[in-house]
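Listing of final.pdb; format and content: PDB, C-alpha atoms.
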MODEL        1
ATOM      1  CA  MET U  32       0.000   0.000   0.000
ATOM      2  CA  GLY U  33       3.051   2.268   0.258
ATOM      3  CA  GLY U  34       2.890   2.781  -3.509
ATOM      4  CA  ILE U  35      -0.694   4.024  -3.243
ATOM      5  CA  ARG U  36       0.192   6.524  -0.543
ATOM      6  CA  LYS U  37       3.194   7.807  -2.494
ATOM      7  CA  GLN U  38       1.154   8.219  -5.662
ATOM      8  CA  VAL U  39      -1.618  10.081  -3.881
ATOM      9  CA  ARG U  40       0.922  12.383  -2.232
ATOM     10  CA  LEU U  41       2.365  13.158  -5.675
ATOM     11  CA  ILE U  42      -1.051  14.079  -7.017
ATOM     12  CA  MET U  43      -1.877  16.221  -3.997
ATOM     13  CA  ALA U  44       1.506  17.921  -4.196
ATOM     14  CA  ALA U  45       0.966  18.774  -7.850
ATOM     15  CA  HIS U  46      -2.304  20.497  -6.960
ATOM     16  CA  GLN U  47      -0.437  22.455  -4.299
ATOM     17  CA  SER U  48       2.034  23.727  -6.948
ATOM     18  CA  VAL U  49       4.974  21.722  -5.655
ATOM     19  CA  LEU U  50       7.643  21.675  -8.372
ATOM     20  CA  PHE U  51       9.570  18.509  -9.178
ATOM     21  CA  ALA U  52      12.889  18.448 -11.017
ATOM     22  CA  PRO U  53      12.844  16.509 -14.289
ATOM     23  CA  SER U  54      15.195  13.974 -12.771
ATOM     24  CA  SER U  55      13.061  13.345  -9.688
ATOM     25  CA  PRO U  56      12.448   9.606  -9.232
ATOM     26  CA  PHE U  57       8.843   8.378  -9.214
ATOM     27  CA  PRO U  58       7.677   5.215  -7.444
ATOM     28  CA  SER U  59       6.212   3.898 -10.693
ATOM     29  CA  LEU U  60       5.217   4.849 -14.215
ATOM     30  CA  ALA U  61       1.619   4.931 -13.038
ATOM     31  CA  ALA U  62       2.506   7.534 -10.433
ATOM     32  CA  ALA U  63       4.285   9.617 -13.040
ATOM     33  CA  SER U  64       1.224   9.448 -15.254
ATOM     34  CA  HIS U  65      -1.001  10.546 -12.377
ATOM     35  CA  LEU U  66       1.320  13.437 -11.647
ATOM     36  CA  ARG U  67       1.367  14.619 -15.256
ATOM     37  CA  ARG U  68      -2.419  14.589 -15.379
ATOM     38  CA  ALA U  69      -2.632  16.424 -12.061
ATOM     39  CA  ALA U  70      -0.013  19.000 -13.026
ATOM     40  CA  GLY U  71      -1.786  19.577 -16.315
ATOM     41  CA  SER U  72      -4.945  20.592 -14.497
ATOM     42  CA  MET U  73      -3.552  22.756 -11.721
ATOM     43  CA  ALA U  74      -5.893  25.564 -12.722
ATOM     44  CA  CYS U  75      -8.949  23.406 -12.114
ATOM     45  CA  SER U  76     -11.392  24.059  -9.304
ATOM     46  CA  PRO U  77     -10.958  22.485  -5.845
ATOM     47  CA  SER U  78     -13.891  20.159  -6.569
ATOM     48  CA  ASP U  79     -12.196  18.954  -9.762
ATOM     49  CA  ALA U  80      -8.955  18.426  -7.854
ATOM     50  CA  THR U  81     -10.792  16.405  -5.200
ATOM     51  CA  ALA U  82     -12.511  14.292  -7.844
ATOM     52  CA  GLN U  83      -9.183  13.605  -9.516
ATOM     53  CA  GLN U  84      -7.566  12.572  -6.247
ATOM     54  CA  LYS U  85     -10.479  10.234  -5.523
ATOM     55  CA  ARG U  86     -10.181   8.623  -8.959
ATOM     56  CA  ALA U  87      -6.464   8.036  -8.415
ATOM     57  CA  ILE U  88      -7.029   6.401  -5.021
ATOM     58  CA  ARG U  89      -9.832   4.218  -6.393
ATOM     59  CA  SER U  90      -7.592   3.061  -9.233
ATOM     60  CA  GLU U  91      -4.723   2.130  -6.945
ATOM     61  CA  VAL U  92      -6.897   0.414  -4.327
ATOM     62  CA  ARG U  93      -8.550  -1.663  -7.052
ATOM     63  CA  LYS U  94      -5.086  -2.764  -8.161
ATOM     64  CA  ALA U  95      -4.161  -3.651  -4.579
ATOM     65  CA  LEU U  96      -7.363  -5.670  -4.161
ATOM     66  CA  LYS U  97      -6.724  -7.482  -7.427
ATOM     67  CA  ALA U  98      -3.228  -8.388  -6.221
ATOM     68  CA  PHE U  99      -4.501  -9.447  -2.780
ATOM     69  CA  SER U 100      -3.828 -13.177  -2.358
ATOM     70  CA  PRO U 101      -6.945 -15.376  -2.190
ATOM     71  CA  SER U 102      -5.680 -17.053   0.981
ATOM     72  CA  GLN U 103      -5.119 -13.746   2.792
ATOM     73  CA  ARG U 104      -8.451 -12.441   1.612
ATOM     74  CA  SER U 105     -10.233 -15.576   2.826
ATOM     75  CA  HIS U 106      -8.486 -15.304   6.181
ATOM     76  CA  GLU U 107      -9.490 -11.657   6.623
ATOM     77  CA  ASP U 108     -13.077 -12.410   5.535
ATOM     78  CA  SER U 109     -13.341 -15.052   8.239
ATOM     79  CA  VAL U 110     -11.781 -12.925  10.980
ATOM     80  CA  ILE U 111     -13.828  -9.815  10.170
ATOM     81  CA  GLN U 112     -17.139 -11.697  10.131
ATOM     82  CA  SER U 113     -16.299 -13.420  13.413
ATOM     83  CA  LEU U 114     -15.442 -10.082  15.016
ATOM     84  CA  VAL U 115     -18.838  -8.709  13.970
ATOM     85  CA  LEU U 116     -20.883 -11.757  14.953
ATOM     86  CA  ASP U 117     -19.171 -12.143  18.335
ATOM     87  CA  SER U 118     -19.395  -8.478  19.301
ATOM     88  CA  SER U 119     -21.756  -7.156  21.963
ATOM     89  CA  TRP U 120     -22.832  -4.255  19.735
ATOM     90  CA  PHE U 121     -23.939  -6.658  16.991
ATOM     91  CA  LYS U 122     -25.609  -9.106  19.345
ATOM     92  CA  SER U 123     -27.571  -6.325  21.028
ATOM     93  CA  CYS U 124     -28.855  -4.671  17.843
ATOM     94  CA  ARG U 125     -32.462  -5.430  16.980
ATOM     95  CA  SER U 126     -32.562  -4.007  13.469
ATOM     96  CA  LEU U 127     -29.775  -3.450  10.930
ATOM     97  CA  CYS U 128     -28.957  -2.623   7.349
ATOM     98  CA  ALA U 129     -26.174  -4.654   5.746
ATOM     99  CA  TYR U 130     -24.703  -4.934   2.263
ATOM    100  CA  ILE U 131     -24.694  -8.176   0.285
ATOM    101  CA  SER U 132     -21.058  -8.742  -0.637
ATOM    102  CA  CYS U 133     -20.116  -9.161  -4.294
ATOM    103  CA  GLU U 134     -17.162 -11.357  -5.268
ATOM    104  CA  ALA U 135     -16.573  -9.435  -8.505
ATOM    105  CA  LEU U 136     -16.252  -6.151  -6.582
ATOM    106  CA  ARG U 137     -13.845  -7.761  -4.085
ATOM    107  CA  GLU U 138     -15.880  -6.598  -1.097
ATOM    108  CA  VAL U 139     -15.388  -7.980   2.383
ATOM    109  CA  ASP U 140     -17.561 -11.080   2.559
ATOM    110  CA  THR U 141     -20.825 -10.728   4.501
ATOM    111  CA  SER U 142     -22.411 -14.074   3.578
ATOM    112  CA  ARG U 143     -21.986 -15.574   7.062
ATOM    113  CA  ILE U 144     -23.279 -12.419   8.738
ATOM    114  CA  ILE U 145     -26.349 -12.418   6.486
ATOM    115  CA  SER U 146     -26.971 -16.142   6.919
ATOM    116  CA  GLU U 147     -26.621 -16.161  10.696
ATOM    117  CA  THR U 148     -28.750 -13.039  11.055
ATOM    118  CA  LEU U 149     -31.552 -14.649   9.066
ATOM    119  CA  ASN U 150     -31.288 -18.111  10.611
ATOM    120  CA  ASN U 151     -30.498 -17.481  14.248
ATOM    121  CA  VAL U 152     -33.032 -16.644  16.918
ATOM    122  CA  ASP U 153     -31.732 -14.440  19.720
ATOM    123  CA  THR U 154     -32.884 -14.658  23.317
ATOM    124  CA  VAL U 155     -34.040 -11.257  24.498
ATOM    125  CA  SER U 156     -34.723 -10.696  28.202
ATOM    126  CA  SER U 157     -38.037  -9.008  28.867
ATOM    127  CA  GLN U 158     -38.388  -8.461  32.619
ATOM    128  CA  ASP U 159     -39.688 -11.808  33.975
ATOM    129  CA  ASN U 160     -39.970 -13.678  30.682
ATOM    130  CA  ASP U 161     -37.585 -14.498  27.855
ATOM    131  CA  ALA U 162     -38.903 -13.596  24.446
ATOM    132  CA  GLN U 163     -37.567 -15.087  21.214
ATOM    133  CA  ALA U 164     -36.904 -12.588  18.451
ATOM    134  CA  LYS U 165     -34.926 -12.336  15.235
ATOM    135  CA  LYS U 166     -33.014  -9.296  14.177
ATOM    136  CA  LYS U 167     -34.748  -7.374  11.431
ATOM    137  CA  LEU U 168     -32.506  -7.189   8.376
ATOM    138  CA  TYR U 169     -32.627  -4.700   5.499
ATOM    139  CA  VAL U 170     -30.437  -5.049   2.411
ATOM    140  CA  PRO U 171     -29.830  -2.723  -0.548
ATOM    141  CA  ARG U 172     -31.494  -2.544  -3.925
ATOM    142  CA  VAL U 173     -30.183  -0.042  -6.510
ATOM    143  CA  GLU U 174     -33.132   1.616  -8.246
ATOM    144  CA  ASP U 175     -31.395   3.700 -10.925
ATOM    145  CA  LYS U 176     -28.110   5.304 -11.937
ATOM    146  CA  ASN U 177     -28.871   8.530 -10.069
ATOM    147  CA  SER U 178     -27.640   7.462  -6.616
ATOM    148  CA  HIS U 179     -31.101   6.137  -5.725
ATOM    149  CA  MET U 180     -30.901   3.056  -3.518
ATOM    150  CA  ARG U 181     -33.433   1.541  -1.133
ATOM    151  CA  MET U 182     -33.058  -0.866   1.773
ATOM    152  CA  PHE U 183     -35.693  -3.619   1.845
ATOM    153  CA  HIS U 184     -36.504  -6.062   4.628
ATOM    154  CA  ILE U 185     -35.775  -9.714   3.906
ATOM    155  CA  SER U 186     -36.456 -12.775   6.046
ATOM    156  CA  ARG U 187     -34.587 -15.480   4.132
ATOM    157  CA  THR U 188     -31.734 -15.805   1.634
ATOM    158  CA  GLU U 189     -34.203 -16.919  -1.045
ATOM    159  CA  ASP U 190     -35.529 -13.345  -1.031
ATOM    160  CA  LEU U 191     -32.388 -12.326  -2.954
ATOM    161  CA  VAL U 192     -32.195 -12.435  -6.751
ATOM    162  CA  ALA U 193     -29.315 -11.588  -9.096
ATOM    163  CA  ASN U 194     -29.639  -8.306 -10.992
ATOM    164  CA  SER U 195     -28.267  -7.533 -14.465
ATOM    165  CA  MET U 196     -24.756  -7.201 -13.004
ATOM    166  CA  ASN U 197     -25.109 -10.533 -11.138
ATOM    167  CA  ILE U 198     -25.281  -8.754  -7.774
ATOM    168  CA  LEU U 199     -27.784 -10.206  -5.316
ATOM    169  CA  GLU U 200     -30.605  -7.833  -4.383
ATOM    170  CA  PRO U 201     -34.056  -8.129  -2.836
ATOM    171  CA  SER U 202     -37.003  -8.011  -5.192
ATOM    172  CA  PRO U 203     -39.433  -5.163  -4.369
ATOM    173  CA  THR U 204     -42.192  -7.696  -3.588
ATOM    174  CA  ASP U 205     -42.148 -10.983  -1.710
ATOM    175  CA  ALA U 206     -43.257 -14.429  -2.950
ATOM    176  CA  ASP U 207     -46.883 -13.552  -2.118
ATOM    177  CA  GLY U 208     -46.753 -10.317  -4.107
ATOM    178  CA  ASN U 209     -46.646  -8.097  -1.014
ATOM    179  CA  GLN U 210     -44.490  -4.981  -1.055
ATOM    180  CA  ARG U 211     -41.372  -5.392   1.039
ATOM    181  CA  GLU U 212     -40.865  -2.972   3.897
ATOM    182  CA  ASP U 213     -38.572  -0.066   3.008
ATOM    183  CA  VAL U 214     -36.323   0.988   5.896
ATOM    184  CA  MET U 215     -37.252   4.628   5.211
ATOM    185  CA  LEU U 216     -40.917   3.764   5.860
ATOM    186  CA  ALA U 217     -40.397   1.549   8.910
ATOM    187  CA  ASN U 218     -41.953   2.592  12.214
ATOM    188  CA  HIS U 219     -38.898   1.610  14.228
ATOM    189  CA  PRO U 220     -35.253   2.713  14.136
ATOM    190  CA  VAL U 221     -32.271   0.839  12.749
ATOM    191  CA  ASP U 222     -29.427   0.297  15.209
ATOM    192  CA  LEU U 223     -26.616  -0.501  12.798
ATOM    193  CA  PHE U 224     -25.417  -0.093   9.218
ATOM    194  CA  LEU U 225     -22.712  -2.453   7.924
ATOM    195  CA  LEU U 226     -21.081  -0.629   5.024
ATOM    196  CA  PRO U 227     -18.807  -1.469   2.102
ATOM    197  CA  GLY U 228     -16.340   0.877   0.415
ATOM    198  CA  LEU U 229     -13.060   1.057  -1.462
ATOM    199  CA  ALA U 230     -10.844   2.960   0.975
ATOM    200  CA  PHE U 231     -11.000   4.151   4.572
ATOM    201  CA  ASP U 232      -8.870   5.842   7.188
ATOM    202  CA  LYS U 233      -8.846   5.731  10.971
ATOM    203  CA  THR U 234     -10.524   9.139  11.273
ATOM    204  CA  GLY U 235     -13.678   7.730   9.659
ATOM    205  CA  ARG U 236     -13.218   8.888   6.098
ATOM    206  CA  ARG U 237     -14.816   6.531   3.579
ATOM    207  CA  LEU U 238     -14.273   6.416  -0.175
ATOM    208  CA  GLY U 239     -16.915   4.542  -2.126
ATOM    209  CA  ARG U 240     -17.009   3.537  -5.771
ATOM    210  CA  GLY U 241     -18.169   6.910  -7.020
ATOM    211  CA  GLY U 242     -21.911   6.397  -7.370
ATOM    212  CA  GLY U 243     -22.839   8.184  -4.154
ATOM    213  CA  TYR U 244     -25.525   5.621  -3.310
ATOM    214  CA  TYR U 245     -24.587   5.085   0.319
ATOM    215  CA  ASP U 246     -23.846   8.748   1.018
ATOM    216  CA  VAL U 247     -27.295   9.749  -0.276
ATOM    217  CA  LEU U 248     -29.077   6.971   1.635
ATOM    218  CA  LEU U 249     -27.190   7.643   4.886
ATOM    219  CA  LYS U 250     -27.977  11.357   4.710
ATOM    220  CA  LYS U 251     -31.679  10.578   4.194
ATOM    221  CA  TYR U 252     -31.697   8.146   7.090
ATOM    222  CA  HIS U 253     -29.875  10.616   9.332
ATOM    223  CA  ASP U 254     -32.563  13.205   8.601
ATOM    224  CA  LEU U 255     -35.325  10.640   9.222
ATOM    225  CA  ALA U 256     -33.835   9.681  12.588
ATOM    226  CA  MET U 257     -33.650  13.354  13.544
ATOM    227  CA  GLU U 258     -37.305  13.892  12.585
ATOM    228  CA  GLN U 259     -38.412  10.834  14.558
ATOM    229  CA  SER U 260     -36.159  11.621  17.552
ATOM    230  CA  TRP U 261     -34.468   8.232  17.140
ATOM    231  CA  ALA U 262     -30.890   7.487  18.137
ATOM    232  CA  GLN U 263     -28.611   7.592  15.122
ATOM    233  CA  PRO U 264     -27.466   4.141  13.960
ATOM    234  CA  LEU U 265     -23.837   3.097  14.235
ATOM    235  CA  LEU U 266     -22.148   3.284  10.823
ATOM    236  CA  VAL U 267     -19.606   0.464  10.716
ATOM    237  CA  ALA U 268     -17.450  -0.249   7.652
ATOM    238  CA  LEU U 269     -15.816  -3.606   6.925
ATOM    239  CA  ALA U 270     -12.357  -3.300   5.382
ATOM    240  CA  TYR U 271      -9.433  -5.397   4.204
ATOM    241  CA  SER U 272      -5.966  -4.385   5.379
ATOM    242  CA  VAL U 273      -5.078  -3.077   1.898
ATOM    243  CA  GLN U 274      -8.018  -0.654   2.026
ATOM    244  CA  ILE U 275      -6.815   1.313   5.055
ATOM    245  CA  MET U 276      -5.146   4.618   4.134
ATOM    246  CA  GLU U 277      -3.036   7.017   6.131
ATOM    247  CA  GLU U 278      -5.012   9.785   7.813
ATOM    248  CA  ASN U 279      -6.130  12.679   5.588
ATOM    249  CA  VAL U 280      -5.026  10.979   2.349
ATOM    250  CA  ILE U 281      -8.658  10.465   1.329
ATOM    251  CA  PRO U 282     -10.122  13.809   0.199
ATOM    252  CA  ILE U 283     -13.656  14.625   1.342
ATOM    253  CA  THR U 284     -16.559  16.824   0.315
ATOM    254  CA  PRO U 285     -19.596  17.996   2.327
ATOM    255  CA  ASN U 286     -21.593  15.111   0.807
ATOM    256  CA  ASP U 287     -19.248  12.406   2.078
ATOM    257  CA  ILE U 288     -20.631  10.657   5.168
ATOM    258  CA  PRO U 289     -17.964   9.434   7.617
ATOM    259  CA  VAL U 290     -18.234   6.128   9.456
ATOM    260  CA  ASP U 291     -18.309   5.612  13.215
ATOM    261  CA  ALA U 292     -16.033   2.584  13.236
ATOM    262  CA  LEU U 293     -14.019   0.148  11.140
ATOM    263  CA  VAL U 294     -13.778  -3.612  11.439
ATOM    264  CA  THR U 295     -10.569  -5.075  10.022
ATOM    265  CA  ALA U 296      -8.797  -8.377  10.548
ATOM    266  CA  SER U 297      -6.658  -6.565  13.131
ATOM    267  CA  GLY U 298      -9.703  -5.698  15.217
ATOM    268  CA  VAL U 299     -12.526  -3.234  15.740
ATOM    269  CA  ILE U 300     -11.550   0.445  15.489
ATOM    270  CA  PRO U 301     -14.114   2.749  17.165
ATOM    271  CA  ILE U 302     -13.721   6.325  15.925
ATOM    272  CA  THR U 303     -16.557   8.609  16.971
ATOM    273  CA  PRO U 304     -17.831   9.266  20.522
ATOM    274  CA  ALA U 305     -20.925   7.189  19.672
ATOM    275  CA  ALA U 306     -18.775   4.228  18.721
ATOM    276  CA  LEU U 307     -16.553   4.583  21.777
ATOM    277  CA  GLU U 308     -19.659   4.550  23.957
ATOM    278  CA  ARG U 309     -21.506   1.700  22.286
ATOM    279  CA  MET U 310     -18.766  -0.679  21.080
TER     280      MET U 310
ENDMDL
END

Transcribe the structure of this file into structure tokens.
Amino acid sequence: MGGIRKQVRLIMAAHQSVLFAPSSPFPSLAAASHLRRAAGSMACSPSDATAQQKRAIRSEVRKALKAFSPSQRSHEDSVIQSLVLDSSWFKSCRSLCAYISCEALREVDTSRIISETLNNVDTVSSQDNDAQAKKKLYVPRVEDKNSHMRMFHISRTEDLVANSMNILEPSPTDADGNQREDVMLANHPVDLFLLPGLAFDKTGRRLGRGGGYYDVLLKKYHDLAMEQSWAQPLLVALAYSVQIMEENVIPITPNDIPVDALVTASGVIPITPAALERM
């Protein structure tokens, strides 16, 4: 990942008008190419500069994920899912939104989390009696190419169908033709969001794939929780070791929603006061 950090620093330095001698060594030809593109657009607006930096980071992280060994990836998948499933903050949540991992996108696997959430019955103490209850699970469905995504309730893995890109999603209606519950229309709060992404840092910055789907949805849900006087859900991202950046390398805009915590194979990293209190 050192190559990624060096390349991003080169791009950021070019936007800050740092001059490099023609003989200056570059970490790679790719970095040199990034620098030339950045230097050629030094008169662009800050938003254009930020977009360019994000594209460069996405490109390099994708390369790192592609080079990630299958054995190491499998190991980290297993450790991360165990950390989530064994945690008190996951066990205590009654309702959550979670992504369905996609092999082609090289996302941290969530298949065991999804399966155990749907299949397991938790014992919930209710004063004198023990009540049996399942967690309520909502998963994403992309509606269009304009950052519109919805989270629908599912009760079994058979509720998921492959879309045109072979990504599993819930159908809008169940087997009986009934409309699935949309998390934005639910009459109860969600305690937890398990989030994907391409790159993260330990201050909570998250870089997605560029569609803005999660940022838009999270902003809408934040506003809904405020209107309903609900506690805000914990936003927890799952990340491979190669996806963790140095602090402040990932550029942000006002539309970028930070996460409360990270779960990596090295452990759980609470970031915000809410995470420190609840995790």

Translate the PyMOL selection byres ((chain U and resi 185) around 9) into a concrete residue list for this structure, as a PDB file with C-alpha atoms, in the frame of the given file.
ATOM      1  CA  LEU U 149     -31.552 -14.649   9.066  1.00  0.00           C
ATOM      2  CA  LYS U 167     -34.748  -7.374  11.431  1.00  0.00           C
ATOM      3  CA  LEU U 168     -32.506  -7.189   8.376  1.00  0.00           C
ATOM      4  CA  TYR U 169     -32.627  -4.700   5.499  1.00  0.00           C
ATOM      5  CA  VAL U 170     -30.437  -5.049   2.411  1.00  0.00           C
ATOM      6  CA  PHE U 183     -35.693  -3.619   1.845  1.00  0.00           C
ATOM      7  CA  HIS U 184     -36.504  -6.062   4.628  1.00  0.00           C
ATOM      8  CA  SER U 186     -36.456 -12.775   6.046  1.00  0.00           C
ATOM      9  CA  ARG U 187     -34.587 -15.480   4.132  1.00  0.00           C
ATOM     10  CA  THR U 188     -31.734 -15.805   1.634  1.00  0.00           C
ATOM     11  CA  GLU U 189     -34.203 -16.919  -1.045  1.00  0.00           C
ATOM     12  CA  ASP U 190     -35.529 -13.345  -1.031  1.00  0.00           C
ATOM     13  CA  LEU U 191     -32.388 -12.326  -2.954  1.00  0.00           C
ATOM     14  CA  PRO U 201     -34.056  -8.129  -2.836  1.00  0.00           C
ATOM     15  CA  ASP U 205     -42.148 -10.983  -1.710  1.00  0.00           C
ATOM     16  CA  ARG U 211     -41.372  -5.392   1.039  1.00  0.00           C
ATOM     17  CA  GLU U 212     -40.865  -2.972   3.897  1.00  0.00           C
TER      18      GLU U 212
END

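Proximity to Ala306 (chain U) was assessed for U:Asp254, U:Met276, U:Ala230, U:Trp120 counting only C-alpha atoms; the smallest distance is recorded for U:Trp120.
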
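The coordinates place CA of Val221 (chain U) at 20.9 Å from CA of Ile300 (chain U).
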
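Near (-11.4, -2.5, 10.8), the residues inside the 7 Å limit, counting all atoms listed in the file, come to Leu269, Ala270, Leu293, Val294, Thr295, Ala296, Ser297, Gly298, Val299 and Ile300 of chain U.
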
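The residue that comes closest to His179 (chain U), out of U:Asp232, U:Glu134, U:Asp246, U:Asp117 and on the basis of only C-alpha atoms, is U:Asp246.
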
- Residues within 9 Å of Glu277 (chain U), all atoms listed in the file, excluding chain neighbours under 3 positions, as a ChimeraX atom specification: /U:36,231-233,280-281

With a distance cut-off of 9 Å and only C-alpha atoms, select the neighbouring residues of Ile198 (chain U), excluding the residue or stretch itself and same-chain residues fewer than 2 positions from it, and output the selection as a PDB file with C-alpha atoms, in the frame of the given file.
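The result, stored in result26.pdb:
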ATOM      1  CA  ILE U 131     -24.694  -8.176   0.285  1.00  0.00           C
ATOM      2  CA  SER U 132     -21.058  -8.742  -0.637  1.00  0.00           C
ATOM      3  CA  CYS U 133     -20.116  -9.161  -4.294  1.00  0.00           C
ATOM      4  CA  GLU U 134     -17.162 -11.357  -5.268  1.00  0.00           C
ATOM      5  CA  ALA U 135     -16.573  -9.435  -8.505  1.00  0.00           C
ATOM      6  CA  VAL U 192     -32.195 -12.435  -6.751  1.00  0.00           C
ATOM      7  CA  ALA U 193     -29.315 -11.588  -9.096  1.00  0.00           C
ATOM      8  CA  ASN U 194     -29.639  -8.306 -10.992  1.00  0.00           C
ATOM      9  CA  SER U 195     -28.267  -7.533 -14.465  1.00  0.00           C
ATOM     10  CA  MET U 196     -24.756  -7.201 -13.004  1.00  0.00           C
ATOM     11  CA  GLU U 200     -30.605  -7.833  -4.383  1.00  0.00           C
TER      12      GLU U 200
END

Can you turn the PyMOL selection byres ((chain U and resi 228) around 7) into a concrete residue list for this file, as a PDB file with C-alpha atoms, keeping the file's coordinate frame?
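As written to disk, selection-v9.pdb reads:
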ATOM      1  CA  LEU U 226     -21.081  -0.629   5.024  1.00  0.00           C
ATOM      2  CA  PRO U 227     -18.807  -1.469   2.102  1.00  0.00           C
ATOM      3  CA  LEU U 229     -13.060   1.057  -1.462  1.00  0.00           C
ATOM      4  CA  ALA U 230     -10.844   2.960   0.975  1.00  0.00           C
ATOM      5  CA  ARG U 237     -14.816   6.531   3.579  1.00  0.00           C
ATOM      6  CA  LEU U 238     -14.273   6.416  -0.175  1.00  0.00           C
ATOM      7  CA  GLY U 239     -16.915   4.542  -2.126  1.00  0.00           C
ATOM      8  CA  ARG U 240     -17.009   3.537  -5.771  1.00  0.00           C
TER       9      ARG U 240
END

Selection dump of the PyMOL selection byres ((chain U and resi 266) around 8), as an mmCIF file with C-alpha atoms, in the frame of the given file:
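Final output, selection06.cif:
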data_model
loop_
_atom_site.group_PDB
_atom_site.id
_atom_site.type_symbol
_atom_site.label_atom_id
_atom_site.label_comp_id
_atom_site.auth_asym_id
_atom_site.auth_seq_id
_atom_site.Cartn_x
_atom_site.Cartn_y
_atom_site.Cartn_z
ATOM 1 C CA LEU U 223 -26.616 -0.501 12.798
ATOM 2 C CA PHE U 224 -25.417 -0.093 9.218
ATOM 3 C CA LEU U 225 -22.712 -2.453 7.924
ATOM 4 C CA LEU U 226 -21.081 -0.629 5.024
ATOM 5 C CA PRO U 264 -27.466 4.141 13.960
ATOM 6 C CA LEU U 265 -23.837 3.097 14.235
ATOM 7 C CA VAL U 267 -19.606 0.464 10.716
ATOM 8 C CA ALA U 268 -17.450 -0.249 7.652
ATOM 9 C CA VAL U 290 -18.234 6.128 9.456
ATOM 10 C CA ASP U 291 -18.309 5.612 13.215
ATOM 11 C CA ALA U 292 -16.033 2.584 13.236
#

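Between Ser142 (chain U) and the residues U:Leu216, U:Ala129, U:Ala256, U:Ile88, the shortest atom-to-atom distance, using all atoms listed in the file, involves U:Ala129.
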
- Item | Selected residue of minimal separation from Phe121 (chain U) among U:Thr148, U:Ser100, U:Asn209, U:Gln274, counting only C-alpha atoms | U:Thr148

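Shortest atom-to-atom contact with Asp108 (chain U) among U:Ile144, U:Val214, U:Ala87, U:Ile283: U:Ile144, counting all atoms listed in the file.
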
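Of note, CA of Gly235 (chain U) and CA of Ile275 (chain U) are spaced 10.5 Å apart.
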
Box centre and edge lengths (Å, one decimal), axis-aligned, region 125-135 of chain U plus 8 Å each side, as AutoDock Vina command-line options:
--center_x -24.6 --center_y -7.0 --center_z 4.2 --size_x 32.0 --size_y 24.7 --size_z 41.5

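One finds CA of Ile111 (chain U) at 8.6 Å from CA of Tyr271 (chain U).
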
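Residue nearest Thr234 (chain U), chosen from U:Thr303, U:Ser105, U:Asn177, U:Lys122 and counting only C-alpha atoms: U:Thr303.
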
Kindly complete region 190-199 of chain U to N, CA, C and O atoms; the output should be written as a tab-separated table (two decimals), in the coordinates of the input.
chain	number	residue	atom	x	y	z
U	190	ASP	N	-34.94	-14.63	-0.65
U	190	ASP	CA	-35.53	-13.34	-1.03
U	190	ASP	C	-34.61	-12.55	-1.96
U	190	ASP	O	-35.01	-11.52	-2.50
U	191	LEU	N	-33.37	-13.03	-2.13
U	191	LEU	CA	-32.39	-12.33	-2.95
U	191	LEU	C	-32.34	-12.90	-4.36
U	191	LEU	O	-32.34	-14.12	-4.55
U	192	VAL	N	-32.30	-12.01	-5.35
U	192	VAL	CA	-32.20	-12.44	-6.75
U	192	VAL	C	-31.06	-11.65	-7.41
U	192	VAL	O	-30.77	-10.51	-7.02
U	193	ALA	N	-30.43	-12.25	-8.40
U	193	ALA	CA	-29.32	-11.59	-9.10
U	193	ALA	C	-29.84	-10.54	-10.06
U	193	ALA	O	-30.78	-10.79	-10.82
U	194	ASN	N	-29.24	-9.35	-10.04
U	194	ASN	CA	-29.64	-8.31	-10.99
U	194	ASN	C	-28.84	-8.45	-12.28
U	194	ASN	O	-28.14	-9.45	-12.49
U	195	SER	N	-28.92	-7.46	-13.15
U	195	SER	CA	-28.27	-7.53	-14.46
U	195	SER	C	-26.74	-7.60	-14.36
U	195	SER	O	-26.07	-8.06	-15.28
U	196	MET	N	-26.20	-7.15	-13.22
U	196	MET	CA	-24.76	-7.20	-13.00
U	196	MET	C	-24.37	-8.40	-12.13
U	196	MET	O	-23.24	-8.48	-11.64
U	197	ASN	N	-25.31	-9.32	-11.93
U	197	ASN	CA	-25.11	-10.53	-11.14
U	197	ASN	C	-24.82	-10.22	-9.66
U	197	ASN	O	-24.13	-10.98	-8.98
U	198	ILE	N	-25.37	-9.12	-9.18
U	198	ILE	CA	-25.28	-8.75	-7.77
U	198	ILE	C	-26.62	-9.11	-7.12
U	198	ILE	O	-27.68	-8.77	-7.64
U	199	LEU	N	-26.55	-9.79	-5.99
U	199	LEU	CA	-27.78	-10.21	-5.32
U	199	LEU	C	-28.49	-9.02	-4.67
U	199	LEU	O	-27.87	-8.21	-3.97
